[in-house]
$ cat upload-v9.txt   # compact mmCIF, C-alpha atoms
# COMPACT_ATOMS: atom_id res chain seq x y z
CA MET A 1 32.83 -3.36 66.82
CA ARG A 2 30.10 -5.95 67.21
CA ILE A 3 28.83 -6.42 63.66
CA ALA A 4 25.71 -8.28 62.55
CA LEU A 5 25.58 -9.35 58.91
CA VAL A 6 22.18 -10.47 57.60
CA SER A 7 22.07 -12.70 54.53
CA GLU A 8 18.70 -14.41 54.46
CA HIS A 9 19.22 -16.82 51.52
CA ALA A 10 23.00 -16.76 50.98
CA SER A 11 24.76 -18.52 53.81
CA PRO A 12 28.56 -18.42 53.95
CA LEU A 13 28.33 -22.16 54.68
CA ALA A 14 26.57 -22.98 51.40
CA VAL A 15 28.03 -24.98 48.53
CA ILE A 16 28.68 -22.53 45.69
CA GLY A 17 27.21 -23.14 42.26
CA GLY A 18 23.56 -23.84 42.96
CA VAL A 19 20.69 -21.79 41.56
CA ASP A 20 20.69 -19.39 44.52
CA ALA A 21 24.28 -19.89 45.71
CA GLY A 22 26.90 -17.69 44.10
CA GLY A 23 28.65 -14.37 44.47
CA GLN A 24 26.69 -13.16 47.50
CA ASN A 25 27.67 -16.25 49.48
CA VAL A 26 31.33 -15.70 48.61
CA HIS A 27 31.07 -12.00 49.44
CA VAL A 28 29.47 -12.50 52.86
CA ALA A 29 31.89 -15.29 53.76
CA ALA A 30 35.00 -13.35 52.77
CA LEU A 31 33.85 -10.04 54.23
CA SER A 32 33.00 -11.61 57.58
CA ARG A 33 36.40 -13.30 57.81
CA ALA A 34 38.26 -10.13 56.82
CA LEU A 35 36.35 -8.02 59.35
CA ALA A 36 37.16 -10.56 62.06
CA ARG A 37 40.86 -10.48 61.14
CA GLN A 38 40.74 -6.74 61.78
CA GLY A 39 39.52 -7.36 65.32
CA HIS A 40 35.73 -7.13 64.98
CA ASP A 41 33.23 -9.62 66.37
CA VAL A 42 30.96 -10.78 63.54
CA VAL A 43 27.72 -12.75 63.57
CA VAL A 44 26.14 -13.76 60.24
CA HIS A 45 22.38 -14.34 60.42
CA THR A 46 20.94 -16.58 57.71
CA ARG A 47 17.71 -18.56 57.32
CA ARG A 48 17.70 -22.15 58.52
CA ASP A 49 17.24 -24.29 55.39
CA ASP A 50 17.94 -27.69 56.99
CA GLU A 51 16.44 -28.95 60.24
CA GLY A 52 19.73 -30.66 61.08
CA LEU A 53 21.68 -27.39 61.31
CA ASP A 54 22.89 -26.23 64.71
CA ASP A 55 21.52 -22.91 65.97
CA GLU A 56 25.02 -21.42 65.88
CA VAL A 57 28.08 -22.61 63.94
CA PRO A 58 31.64 -21.28 64.30
CA PHE A 59 32.76 -20.18 60.85
CA ALA A 60 36.16 -18.59 61.46
CA ASP A 61 38.02 -16.95 64.34
CA GLY A 62 35.71 -14.13 65.38
CA VAL A 63 32.83 -15.20 63.10
CA ARG A 64 29.70 -17.14 64.02
CA VAL A 65 26.83 -18.16 61.73
CA ARG A 66 23.40 -18.17 63.35
CA HIS A 67 20.53 -20.04 61.72
CA VAL A 68 17.25 -18.20 62.04
CA ASP A 69 13.93 -20.03 62.04
CA ALA A 70 11.74 -18.43 59.36
CA GLY A 71 9.63 -20.64 57.16
CA PRO A 72 10.17 -24.35 56.59
CA PRO A 73 13.63 -25.70 57.49
CA ARG A 74 14.43 -26.73 53.93
CA GLU A 75 15.71 -25.13 50.74
CA VAL A 76 13.25 -22.60 49.34
CA PRO A 77 13.92 -20.58 46.16
CA LYS A 78 14.86 -17.06 47.19
CA ASP A 79 12.03 -15.53 45.19
CA GLU A 80 9.57 -17.40 47.44
CA LEU A 81 11.04 -16.22 50.76
CA LEU A 82 9.26 -12.88 51.15
CA PRO A 83 6.33 -14.26 53.24
CA PHE A 84 8.83 -15.50 55.82
CA MET A 85 10.61 -12.16 56.34
CA PRO A 86 8.33 -10.95 59.16
CA ASP A 87 9.28 -14.05 61.19
CA PHE A 88 12.92 -13.54 60.22
CA GLY A 89 12.79 -9.92 61.41
CA ALA A 90 11.04 -10.83 64.66
CA ALA A 91 13.72 -13.43 65.43
CA LEU A 92 16.47 -10.88 64.72
CA HIS A 93 14.78 -8.36 67.01
CA ARG A 94 14.69 -10.86 69.86
CA ALA A 95 18.34 -11.78 69.29
CA TRP A 96 19.53 -8.16 69.17
CA ARG A 97 17.64 -7.26 72.34
CA ARG A 98 19.71 -9.89 74.10
CA GLU A 99 23.00 -9.20 72.31
CA ARG A 100 22.97 -5.75 70.73
CA PRO A 101 25.32 -5.20 67.75
CA ASP A 102 26.92 -1.82 67.09
CA VAL A 103 25.86 -1.93 63.45
CA VAL A 104 23.80 -4.17 61.15
CA HIS A 105 24.74 -4.79 57.52
CA ALA A 106 22.01 -6.39 55.42
CA HIS A 107 22.79 -8.20 52.18
CA PHE A 108 20.03 -8.41 49.55
CA TRP A 109 16.70 -6.61 49.69
CA MET A 110 14.76 -9.17 51.71
CA SER A 111 17.51 -9.24 54.33
CA GLY A 112 17.11 -5.47 54.47
CA LEU A 113 13.37 -5.69 55.11
CA ALA A 114 13.89 -8.09 58.02
CA ALA A 115 16.86 -6.14 59.41
CA ARG A 116 15.01 -2.81 59.25
CA ALA A 117 12.08 -4.24 61.19
CA ALA A 118 14.47 -5.60 63.82
CA ALA A 119 17.05 -2.82 64.08
CA GLY A 120 14.79 0.23 63.71
CA PRO A 121 12.95 -0.03 67.05
CA LEU A 122 16.29 -0.65 68.79
CA GLY A 123 18.02 2.35 67.25
CA ILE A 124 20.77 0.23 65.68
CA PRO A 125 22.34 1.73 62.52
CA LEU A 126 21.49 -0.21 59.35
CA VAL A 127 23.73 -0.50 56.29
CA GLN A 128 22.33 -2.07 53.13
CA THR A 129 24.05 -3.81 50.21
CA PHE A 130 21.59 -4.91 47.53
CA HIS A 131 23.91 -7.11 45.40
CA ALA A 132 21.20 -6.88 42.72
CA LEU A 133 18.46 -4.30 42.19
CA GLY A 134 14.99 -5.42 41.19
CA VAL A 135 14.54 -2.51 38.79
CA VAL A 136 17.59 -3.66 36.82
CA LYS A 137 16.50 -7.28 36.86
CA ARG A 138 13.02 -6.35 35.63
CA ARG A 139 14.48 -4.19 32.87
CA HIS A 140 16.54 -7.07 31.48
CA GLN A 141 14.30 -10.05 32.19
CA GLY A 142 10.85 -8.58 31.72
CA ALA A 143 8.17 -11.24 32.04
CA ALA A 144 10.82 -13.86 32.87
CA ASP A 145 11.58 -12.09 36.15
CA THR A 146 10.44 -14.36 38.97
CA SER A 147 10.83 -11.76 41.74
CA PRO A 148 7.83 -11.10 43.99
CA PRO A 149 5.49 -8.54 42.39
CA ARG A 150 6.06 -6.01 45.19
CA ARG A 151 9.85 -6.15 45.02
CA LEU A 152 10.36 -2.84 43.22
CA GLU A 153 8.04 -0.95 45.57
CA LEU A 154 9.54 -2.48 48.72
CA GLU A 155 13.11 -2.13 47.51
CA ARG A 156 12.66 1.56 46.67
CA ALA A 157 11.26 2.29 50.13
CA LEU A 158 14.06 0.32 51.76
CA ALA A 159 16.77 2.15 49.84
CA ARG A 160 15.37 5.49 50.97
CA THR A 161 15.03 4.59 54.66
CA VAL A 162 18.21 2.70 55.60
CA ASP A 163 21.00 4.71 57.19
CA HIS A 164 23.51 4.03 54.41
CA VAL A 165 23.83 2.01 51.21
CA VAL A 166 27.09 0.31 50.28
CA ALA A 167 27.00 -0.13 46.51
CA THR A 168 29.38 -2.53 44.82
CA CYS A 169 30.04 -0.53 41.64
CA SER A 170 29.66 2.90 40.09
CA ASP A 171 26.89 1.70 37.78
CA GLU A 172 24.76 0.85 40.82
CA VAL A 173 25.10 4.42 42.13
CA PHE A 174 23.19 5.78 39.13
CA GLU A 175 20.39 3.29 39.73
CA LEU A 176 20.22 4.16 43.44
CA ARG A 177 20.08 7.89 42.72
CA ARG A 178 17.18 7.23 40.34
CA LEU A 179 15.44 5.46 43.23
CA GLY A 180 15.78 8.64 45.31
CA VAL A 181 18.77 7.78 47.50
CA PRO A 182 20.89 10.88 48.25
CA GLY A 183 24.49 10.61 47.09
CA ALA A 184 25.73 11.43 50.61
CA ARG A 185 24.19 8.14 51.81
CA ILE A 186 25.91 5.97 49.20
CA THR A 187 29.44 4.62 49.40
CA VAL A 188 30.96 2.43 46.70
CA VAL A 189 32.93 -0.51 48.04
CA PRO A 190 33.54 -3.29 45.51
CA CYS A 191 33.77 -6.99 46.13
CA GLY A 192 37.19 -8.46 46.80
CA VAL A 193 39.19 -11.55 45.96
CA ASP A 194 41.08 -14.07 48.09
CA LEU A 195 44.68 -13.61 46.96
CA GLY A 196 45.80 -16.58 49.01
CA ALA A 197 43.76 -18.95 46.85
CA PHE A 198 43.68 -17.01 43.59
CA ARG A 199 47.20 -16.29 42.38
CA PRO A 200 49.20 -16.91 39.20
CA ASP A 201 51.40 -19.63 40.66
CA GLY A 202 49.93 -22.94 41.68
CA PRO A 203 48.59 -26.14 40.15
CA ARG A 204 46.87 -26.06 36.75
CA GLU A 205 44.45 -28.51 35.27
CA PRO A 206 45.81 -30.67 32.42
CA ARG A 207 44.62 -29.43 29.03
CA ASP A 208 45.11 -29.66 25.29
CA GLU A 209 47.72 -26.98 24.57
CA ARG A 210 46.84 -26.96 20.88
CA ARG A 211 43.45 -25.40 21.59
CA LEU A 212 42.60 -21.99 22.97
CA ARG A 213 40.96 -22.79 26.29
CA ILE A 214 38.06 -20.55 27.31
CA GLY A 215 36.83 -20.90 30.86
CA ALA A 216 33.45 -19.86 32.25
CA ILE A 217 32.49 -20.11 35.91
CA SER A 218 28.76 -19.53 36.02
CA ARG A 219 25.40 -20.61 37.25
CA LEU A 220 23.36 -22.18 34.46
CA VAL A 221 20.74 -19.51 33.88
CA PRO A 222 19.98 -17.81 30.54
CA ARG A 223 21.02 -14.30 31.63
CA LYS A 224 24.63 -15.45 32.08
CA GLY A 225 25.03 -15.40 28.29
CA LEU A 226 26.58 -18.85 27.88
CA ALA A 227 24.51 -19.40 24.73
CA ASP A 228 26.18 -16.33 23.18
CA LEU A 229 29.57 -17.78 24.09
CA ILE A 230 28.73 -21.12 22.48
CA ALA A 231 27.54 -19.37 19.32
CA ALA A 232 30.82 -17.45 19.16
CA LEU A 233 32.77 -20.69 19.51
CA ALA A 234 31.52 -21.80 16.10
CA ARG A 235 33.56 -18.98 14.54
CA VAL A 236 36.80 -19.95 16.34
CA PRO A 237 37.53 -23.56 15.34
CA GLU A 238 40.74 -23.78 17.37
CA ALA A 239 39.01 -23.02 20.70
CA GLU A 240 37.29 -25.09 23.39
CA LEU A 241 34.94 -23.98 26.16
CA VAL A 242 34.87 -25.37 29.70
CA VAL A 243 31.88 -24.31 31.81
CA ALA A 244 31.88 -24.92 35.56
CA GLY A 245 28.69 -24.33 37.50
CA GLY A 246 25.13 -25.49 37.89
CA PRO A 247 24.04 -28.77 39.47
CA PRO A 248 26.45 -31.64 40.12
CA ALA A 249 27.67 -33.33 36.93
CA ARG A 250 25.50 -36.40 37.53
CA ARG A 251 22.38 -34.18 37.46
CA LEU A 252 23.20 -32.04 34.43
CA ALA A 253 20.96 -34.16 32.21
CA ASP A 254 18.01 -33.15 34.41
CA ASP A 255 18.83 -29.44 34.28
CA GLU A 256 16.68 -27.45 31.83
CA GLU A 257 19.33 -24.83 31.05
CA GLY A 258 22.05 -27.47 30.80
CA ARG A 259 20.00 -29.34 28.19
CA ARG A 260 19.35 -26.10 26.31
CA LEU A 261 23.06 -25.29 26.14
CA VAL A 262 23.88 -28.78 24.86
CA ALA A 263 21.23 -28.37 22.16
CA ILE A 264 22.71 -25.01 21.15
CA ALA A 265 26.19 -26.53 20.98
CA GLU A 266 24.86 -29.31 18.74
CA GLU A 267 23.06 -26.78 16.56
CA HIS A 268 26.30 -24.84 16.02
CA GLY A 269 28.38 -27.98 15.48
CA VAL A 270 30.62 -27.42 18.51
CA ARG A 271 29.34 -30.08 20.91
CA ASP A 272 32.75 -31.78 20.90
CA ARG A 273 34.37 -28.51 22.01
CA VAL A 274 31.98 -27.63 24.83
CA VAL A 275 32.44 -29.25 28.24
CA LEU A 276 29.81 -28.72 30.93
CA ARG A 277 31.46 -29.67 34.20
CA GLY A 278 28.58 -29.01 36.53
CA ARG A 279 29.23 -27.84 40.05
CA VAL A 280 32.90 -27.51 40.94
CA ASP A 281 34.19 -27.13 44.49
CA HIS A 282 35.40 -23.59 45.09
CA ASP A 283 38.79 -24.97 46.12
CA ALA A 284 39.19 -26.44 42.62
CA VAL A 285 38.40 -23.20 40.78
CA PRO A 286 41.92 -21.65 40.88
CA ALA A 287 43.49 -24.62 39.08
CA LEU A 288 40.77 -24.47 36.44
CA LEU A 289 41.22 -20.72 35.95
CA ARG A 290 45.01 -21.02 35.65
CA SER A 291 44.60 -23.61 32.91
CA CYS A 292 42.64 -21.16 30.73
CA ASP A 293 43.89 -18.76 28.08
CA VAL A 294 40.93 -16.48 28.77
CA VAL A 295 38.00 -16.43 31.16
CA ALA A 296 34.69 -15.32 29.68
CA CYS A 297 32.02 -13.56 31.73
CA VAL A 298 29.36 -12.47 29.25
CA PRO A 299 26.04 -11.98 31.09
CA TRP A 300 23.29 -9.72 29.81
CA TYR A 301 23.51 -7.89 33.11
CA GLU A 302 25.55 -8.46 36.27
CA PRO A 303 25.36 -6.57 39.57
CA PHE A 304 29.09 -7.01 40.19
CA GLY A 305 30.78 -10.24 39.11
CA ILE A 306 33.44 -11.84 41.30
CA VAL A 307 34.76 -14.31 38.69
CA PRO A 308 36.59 -11.59 36.69
CA LEU A 309 38.55 -10.65 39.81
CA GLU A 310 39.39 -14.29 40.52
CA ALA A 311 40.58 -14.77 36.94
CA MET A 312 42.70 -11.62 36.96
CA ALA A 313 44.21 -12.64 40.29
CA CYS A 314 45.27 -15.90 38.60
CA GLY A 315 46.94 -13.99 35.76
CA VAL A 316 44.28 -14.79 33.16
CA PRO A 317 42.76 -12.10 30.90
CA VAL A 318 39.01 -11.59 31.05
CA LEU A 319 36.51 -11.26 28.21
CA ALA A 320 33.50 -9.55 29.78
CA THR A 321 30.34 -7.78 28.78
CA ALA A 322 30.32 -4.07 29.62
CA VAL A 323 27.67 -4.28 32.33
CA GLY A 324 27.50 -3.68 36.07
CA GLY A 325 30.64 -3.99 38.11
CA MET A 326 32.69 -5.37 35.24
CA ILE A 327 32.80 -1.89 33.75
CA ASP A 328 34.88 -0.94 36.81
CA THR A 329 36.98 -4.06 37.24
CA VAL A 330 37.99 -5.01 33.68
CA VAL A 331 40.05 -2.40 31.83
CA HIS A 332 39.52 -2.77 28.08
CA GLU A 333 42.68 -3.72 26.18
CA ARG A 334 44.67 -3.66 29.42
CA THR A 335 43.42 -6.51 31.64
CA GLY A 336 41.01 -7.99 29.11
CA TRP A 337 38.21 -6.91 26.80
CA LEU A 338 34.76 -5.41 27.23
CA VAL A 339 32.09 -6.19 24.64
CA PRO A 340 28.37 -5.38 24.43
CA PRO A 341 26.00 -7.97 25.91
CA ARG A 342 24.36 -10.49 23.56
CA SER A 343 27.07 -10.04 20.91
CA PRO A 344 28.45 -13.40 19.69
CA ASP A 345 30.19 -11.68 16.77
CA ARG A 346 32.17 -9.36 19.05
CA ILE A 347 32.99 -12.25 21.38
CA ALA A 348 34.23 -14.30 18.43
CA ALA A 349 36.43 -11.43 17.18
CA VAL A 350 38.20 -11.18 20.54
CA LEU A 351 38.67 -14.95 20.77
CA ALA A 352 40.09 -15.11 17.24
CA ARG A 353 42.53 -12.33 18.03
CA LEU A 354 43.66 -14.09 21.19
CA ALA A 355 44.00 -17.43 19.39
CA ALA A 356 46.36 -15.76 16.93
CA ASP A 357 48.42 -14.04 19.66
CA ARG A 358 48.74 -16.03 22.88
CA ALA A 359 51.44 -13.62 24.12
CA LEU A 360 48.85 -10.84 24.15
CA GLY A 361 46.79 -12.81 26.63
CA ARG A 362 49.79 -13.31 28.89
CA ARG A 363 50.55 -9.57 28.90
CA LEU A 364 46.98 -8.67 29.78
CA GLY A 365 46.90 -11.39 32.42
CA ALA A 366 49.97 -9.94 34.13
CA ALA A 367 48.35 -6.50 34.17
CA GLY A 368 45.25 -8.01 35.76
CA VAL A 369 47.30 -9.39 38.65
CA GLU A 370 48.69 -5.93 39.38
CA ARG A 371 45.24 -4.34 39.28
CA VAL A 372 43.66 -6.85 41.64
CA ARG A 373 46.50 -6.70 44.16
CA SER A 374 46.37 -2.92 44.30
CA ARG A 375 42.58 -2.49 44.52
CA TYR A 376 40.61 -5.60 45.41
CA THR A 377 42.12 -7.32 48.44
CA TRP A 378 39.58 -8.32 51.06
CA GLU A 379 41.63 -6.47 53.67
CA ARG A 380 41.08 -3.24 51.77
CA ILE A 381 37.41 -4.00 51.17
CA ALA A 382 36.83 -4.81 54.86
CA GLN A 383 38.60 -1.64 55.98
CA SER A 384 36.50 0.51 53.65
CA THR A 385 33.32 -1.22 54.83
CA ALA A 386 34.28 -0.80 58.50
CA ASP A 387 34.88 2.90 57.85
CA VAL A 388 31.22 3.18 56.83
CA TYR A 389 30.17 1.34 60.00
CA ARG A 390 32.19 3.70 62.20
CA GLN A 391 30.58 6.78 60.68
CA LEU A 392 27.19 5.42 61.74
CA ALA A 393 28.06 3.79 65.05
CA ARG A 394 29.60 6.95 66.52
CA PRO A 395 28.29 10.53 66.80
CA ALA A 396 29.14 12.43 63.62
CA PRO A 397 31.63 15.31 64.06
CA ALA A 398 30.69 18.81 62.94
CA VAL A 399 32.08 18.72 59.40
CA PRO A 400 30.71 19.72 55.98
CA ALA A 401 28.14 17.43 54.39
CA ALA A 402 29.48 13.98 53.57
CA THR A 403 30.48 13.22 50.03
CA ARG A 404 30.41 9.90 48.29
CA THR A 405 33.62 7.89 48.40
CA THR A 406 34.48 5.60 45.52
CA VAL A 407 36.81 2.68 46.15
CA GLY A 408 38.10 0.35 43.46
CA GLY A 409 36.74 2.08 40.35
CA ARG A 410 38.76 3.89 37.74
CA ARG A 411 38.45 7.32 39.33

$ encode --input "upload-v9.txt" --output "structure tokens"
Amino acid sequence: MRIALVSEHASPLAVIGGVDAGGQNVHVAALSRALARQGHDVVVHTRRDDEGLDDEVPFADGVRVRHVDAGPPREVPKDELLPFMPDFGAALHRAWRRERPDVVHAHFWMSGLAARAAAGPLGIPLVQTFHALGVVKRRHQGAADTSPPRRLELERALARTVDHVVATCSDEVFELRRLGVPGARITVVPCGVDLGAFRPDGPREPRDERRLRIGAISRLVPRKGLADLIAALARVPEAELVVAGGPPARRLADDEEGRRLVAIAEEHGVRDRVVLRGRVDHDAVPALLRSCDVVACVPWYEPFGIVPLEAMACGVPVLATAVGGMIDTVVHERTGWLVPPRSPDRIAAVLARLAADRALGRRLGAAGVERVRSRYTWERIAQSTADVYRQLARPAPAVPAATRTTVGGRR
């Protein structure tokens, strides 16, 4: 098939770790490559955020990235991109009139708005993956939510009018049904993990073996729960925390959240056991993960969460909050632990238990490897996604009403 992926703010070419560069970039990059390996022709459409970018860039065999002119050719926070979506959609429409894809898959709600405007008049099937729902973000962030005021209204209408929604976890299905999306138009396909890069064997970072090493790969934003993790560290004197993510190390002193986390570490008397690395190249992440005794992912909410899969693939147990996709991916007491969000006491109890029994962590880490290899390979994710495309790109046979398919959850 000829497949168009639309990812307005999250280019597969971006450097991971910035404020708006994270899991969606990794997802779009890996999905596009996996689809191409299965014989499809893939074009990823993303907004031009640098005037020096070529119109089209080869990304992998069978994958091209096209930069769409919509708004100023510079970095713009994603929450300020909505006014440029009409231009984005018009450019897509012109492109697809010249080179018509068999199916369009939009990633994030603003991508969906632009893709619907472009694909609808041409009769091209549209698949939507939200990656994060505004109603969930508003529920958890309240007045701190910087989304455009009309996001909830526009997102609800989009969810009801696209041809199909690919949700990334079972928790998202409940939210989509509450928005009025019929279950027959929702398929759950989780994110995947690159097992070539993330595996138990391979180089490990040097470390102090006397300390329990806790790793966290995260953007530096309050909702990621790093402050809760630092507070828990005060109750586990034999542990250290290494945080990778945020701006480059040389700019951490200028980062508001970075400064806040340092102040919290000083307040709890653990500044000497908290290391903020800043942005780390994605290629360096596996060695960091393998050096850890546990990887902590403790956000207040999380649409999916790719880091737990990467950690499990490296044979490292995961301490996660029971939110979003991590409810599906992390099996409590088998591949790691699930705790309530904003619960430093519960985090500390797990860390203390692990510090006293390192063998327990190794057993859970081994189980995580098995789970990831059986459920979360990108080949499997791409195949399941392509199955959705085929249902829309071809006339439907006369069969009973479609039922929702769940891939990668516990069921």

$ closest_residue --input "upload-v9.txt" --among "A:Val280, A:Val221, A:Val28, A:Ile124" --to "Cys191 (chain A)" --atoms "all atoms listed in the file"
A:Val28

$ residues_near_point --input "upload-v9.txt" --point "(10.8, 5.2, 48.1)" --cutoff "12 Å" --atoms "only C-alpha atoms" --output "ChimeraX atom specification"
/A:151-162,176-182

$ closest_residue --input "upload-v9.txt" --among "A:Arg2, A:Lys224, A:Arg138, A:His164" --to "Val63 (chain A)" --atoms "only C-alpha atoms"
A:Arg2

$ atom_distance --input "upload-v9.txt" --atom1 "CA of Ala10 (chain A)" --atom2 "CA of Ala386 (chain A)"
20.9 Å

$ atom_distance --input "upload-v9.txt" --atom1 "CA of Trp96 (chain A)" --atom2 "CA of Gly123 (chain A)"
10.8 Å

$ residues_around --input "upload-v9.txt" --residues "region 248-255 of chain A" --least-positions-apart "3" --cutoff "7 Å" --atoms "all atoms listed in the file" --output "JSON, numbers by chain"
{"A": [258, 259, 277, 278, 279]}

$ write_last_selection --input "upload-v9.txt" --atoms "C-alpha atoms" --output "compact mmCIF listing (two decimals), in the frame of the given file"
# COMPACT_ATOMS: atom_id res chain seq x y z
CA GLY A 258 22.05 -27.47 30.80
CA ARG A 259 20.00 -29.34 28.19
CA ARG A 277 31.46 -29.67 34.20
CA GLY A 278 28.58 -29.01 36.53
CA ARG A 279 29.23 -27.84 40.05

$ residues_near_point --input "upload-v9.txt" --point "(37.0, -15.2, 32.6)" --cutoff "9 Å" --atoms "all atoms listed in the file" --output "ChimeraX atom specification"
/A:214-217,289,292-298,307-312,316-320,336
